[in-house]
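Enquirer: Could you have a look at this structure, given as structure tokens, before my questions?
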Amino acid sequence: MPEDQLDAIGQEDQADLGVTAHGAAEPRGLSAVPLSALFEGRFGRMFRTLPFVSVPRDTLVALGRRMAESGETGADEELSPQDNARIPSAYTYLGQFIDHDITFDPVSQLQRFNDPDALHDFRTPRFDLDSVYGSGPADAPFLYEWIDADFRGVKLLAGRNPDADTDGTPLTRQDLPRNEQGRALIGDPRNDENIIVSQLHLAFIKFHDRLCDRVKRDRGLDGAELFAETRRLVTWHYQWVVVHDFLVKVAGDAVVKDILRDEGTAGGATVHLKFFSWENQPFMPVEFSGAAYRFGHSMVRPKYDLNDVVNDVPIFAHTEHPGPFDHLGGFRRLPEAWTIDWGKFVAIDGSTPQRSRLINTLIAPPLLELPRSVDVNRTPLPVLNLRRGKALQLPSGQAVAQHMGATALTSAQLDFSRFNLTSSQRAQLEANTPLWYYVLKEAEVQHDGQQLGEVGGRIVAEVLIGLLSGDPQSYLRVQPNWTPTGVPAAQAGDFTLADLLKFATK
């Protein structure tokens with residue numbers, strides 16, 4: 001970031017450019033986003049002409065510390081007032097998995113000395129599952145199966161849980177592959193930061209391997225051809241789930257259909273973007289990565305049931321030295337009997353899954369007291385998000401709404417009075433509401449927290465669909481009229497996360 005921009009945001013805000021949240025380091029390059037109308041770089045701005053008006057840091061801290069649910073509830077099937085009846089809890093972690101996929105940077109360590117600002121020469125954000133496949137079997141052989149002669153360098157490698165069933169038989173393929181110290185051998189270490197996302201990563205490994213069997217049986221392919229075709233099908237099914245399942249749930253069917261229009265042509269759906277544009281290749285807008293896509297933090301439950309036996313496990317432990325069964329933190333072998341029953345997270349064969357939390361301005365209490373392993377100062381996650389938005393000089397929610405032609409939320413709808421702030425602090429926030437808070441509050445006001453509102457939904461949907469449309473290997477570019485095939489659950493072109501998980505794990 002140029003020196004004059006750094007001077008403008010101050011020393012404290014500069015430090016906030018490096019803060020982390022929810023266990024994952026911020027992708028490199030985020031601290032150097034130009035304010036001018038540049039189109040190059042890994043990160044950029046979706047609304048390049050909108051002004052930034054700073055809200056004082058102490059006001060943001062005061063707000064962030066008060067954005068807590070009133071109390072913790074368990075993971076019971078019966079809905080609590082904070083549960084989202086529309087969105088099962090698996091989508092919280094699919095959202096995290098998607099984020100890791102489109103912000104994965106396999107070459108940052110190699111290029112950090114050549115390109116310290118990370119503005120150029122980095123891969124375009126894509127939904128290509130490189131967080132699962134890494135750089136392929138030749139360059140990342142530790143991710144792949146090599147013993148089976150029919151599938152050497154073709155199937156992905158799953159790990160074995162070290163525990164045993166009651167008859168002494170080792171449990172098979174129920175964990176990520178790990179080294180002798182318990183660290184996962186996967187393309188992106190962030191997918192091991194909690195038990196749920198690590199088990200979701202494992203499900204994608206199994207999905208690849210099962211689909212590989214089917215492709216070999218139906219097409220008779222071998223070796224590199226079998227791997228390439230399986231990876232293409234896995235990736236395209238995943239991309240379909242992102243657009244037609246995840247986005248429809250979190251942003252709403254109307255905005256997805258407005259962007260991805262079926263105009264009755266033989267070529268398939270066409271993409272219509274109003275606000276996300278680029279010249280040479282797509283970039284990651286900071287309005288998305290630093291604000292709108294962080295809506296998922298409000299969807300996190302305090303506790304989860306993993307299966308019929310393991311219930312009410314907190315996402316974080318409340319002690320400095322927790323036991324292995326006290327929390328859902330990752331970077332370790334899967335504890336005994338902790339294999340996830342995905343029917344507890346999404347409806348499979350009539351199951352009743354746990355729900356995500358509502359998308360609103362109330363955050364689960366554990367996220368307001370992060371473990372020191374996540375943030376050494378145990379700063380509340382809402383405070384980190386608000387500080388980062390200030391450091392990135394994001395426009396206010398009102399400015400974005402006006403630019404989009406949306407009706408901005410009123411002071412009464414923003415409802416800062418409930419947070420016990422001073423009158424001066426309320427006035428500051430009402431005049432220039434931080435974009436992250438605005439997106440959450442808009443979802444609460446416009447849709448009772450069951451999906452994103454007009455501003456948040458448009459940003460999230462345009463960026464995710466826009467990244468797909470800018471990827472020359474995506475199904476939207478190669479075959480826009482493609483529908484899911486080759487998986488028993490894909491009926492009449494319909495394919496969901498539940499279908500993927502059922503096929504992969506049953």
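Following the order of the structure tokens, chains are lettered A, B, ..., residues in each are numbered from 1, and ligands are numbered from 1.
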As a VMD selection string, please: the residues near Ala443 (chain A) (cut-off 12 Å, only C-alpha atoms, same-chain neighbours under 4 positions excluded).

Expert: chain A and resid 84 250 to 252 292 295 to 296 298 to 299 358 to 362 409 413 to 414 436 to 439 447 to 458

Enquirer: When DSSP works through the backbone of this structure, what residues of region 232-428 of chain A end up as helix (DSSP H, G or I), shown as a ChimeraX atom specification?

Expert: /A:232-251,253-259,286-289,292-299,342-344,365-368,381-391,397-404,411-414,416-419,423-428

Enquirer: Would you please give, as a list in words, all residues of region 248-367 of chain A that DSSP assigns to strand (DSSP E or B) based on the backbone?

Expert: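 Put together, the selection reads Leu260, Arg261, Thr270, Val271, Met284, Pro285, Lys303, Tyr304, Val313, Pro314, Gly329, Arg355, Ser356, Arg357 and Ile363 of chain A.
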
Enquirer: Region 215-225 of chain A: which residues within 8 Å, counting only C-alpha atoms, same-chain residues fewer than 4 positions away excluded, as an MDAnalysis selection string?

Expert: chainID A and resid 150:154 211 229:230 486

Enquirer: Go ahead and write the selection's residues with C-alpha atoms as a compact mmCIF listing (two decimals), in the first residue's frame.

Expert:
# COMPACT_ATOMS: atom_id res chain seq x y z
CA ASP A 150 -5.13 -49.41 -11.20
CA PHE A 151 -5.26 -46.04 -9.47
CA ARG A 152 -1.65 -44.95 -8.89
CA GLY A 153 -1.48 -41.17 -8.94
CA VAL A 154 -5.19 -41.07 -9.77
CA LEU A 211 -16.43 -41.00 -8.84
CA GLU A 229 -11.70 -36.62 -16.30
CA THR A 230 -12.50 -37.43 -12.66
CA GLY A 486 -22.55 -39.53 -13.42

Enquirer: So what do you get for CA of Asp139 (chain A) versus CA of Arg231 (chain A), distance-wise?

Expert: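 These atoms are spaced 16.0 Å apart.
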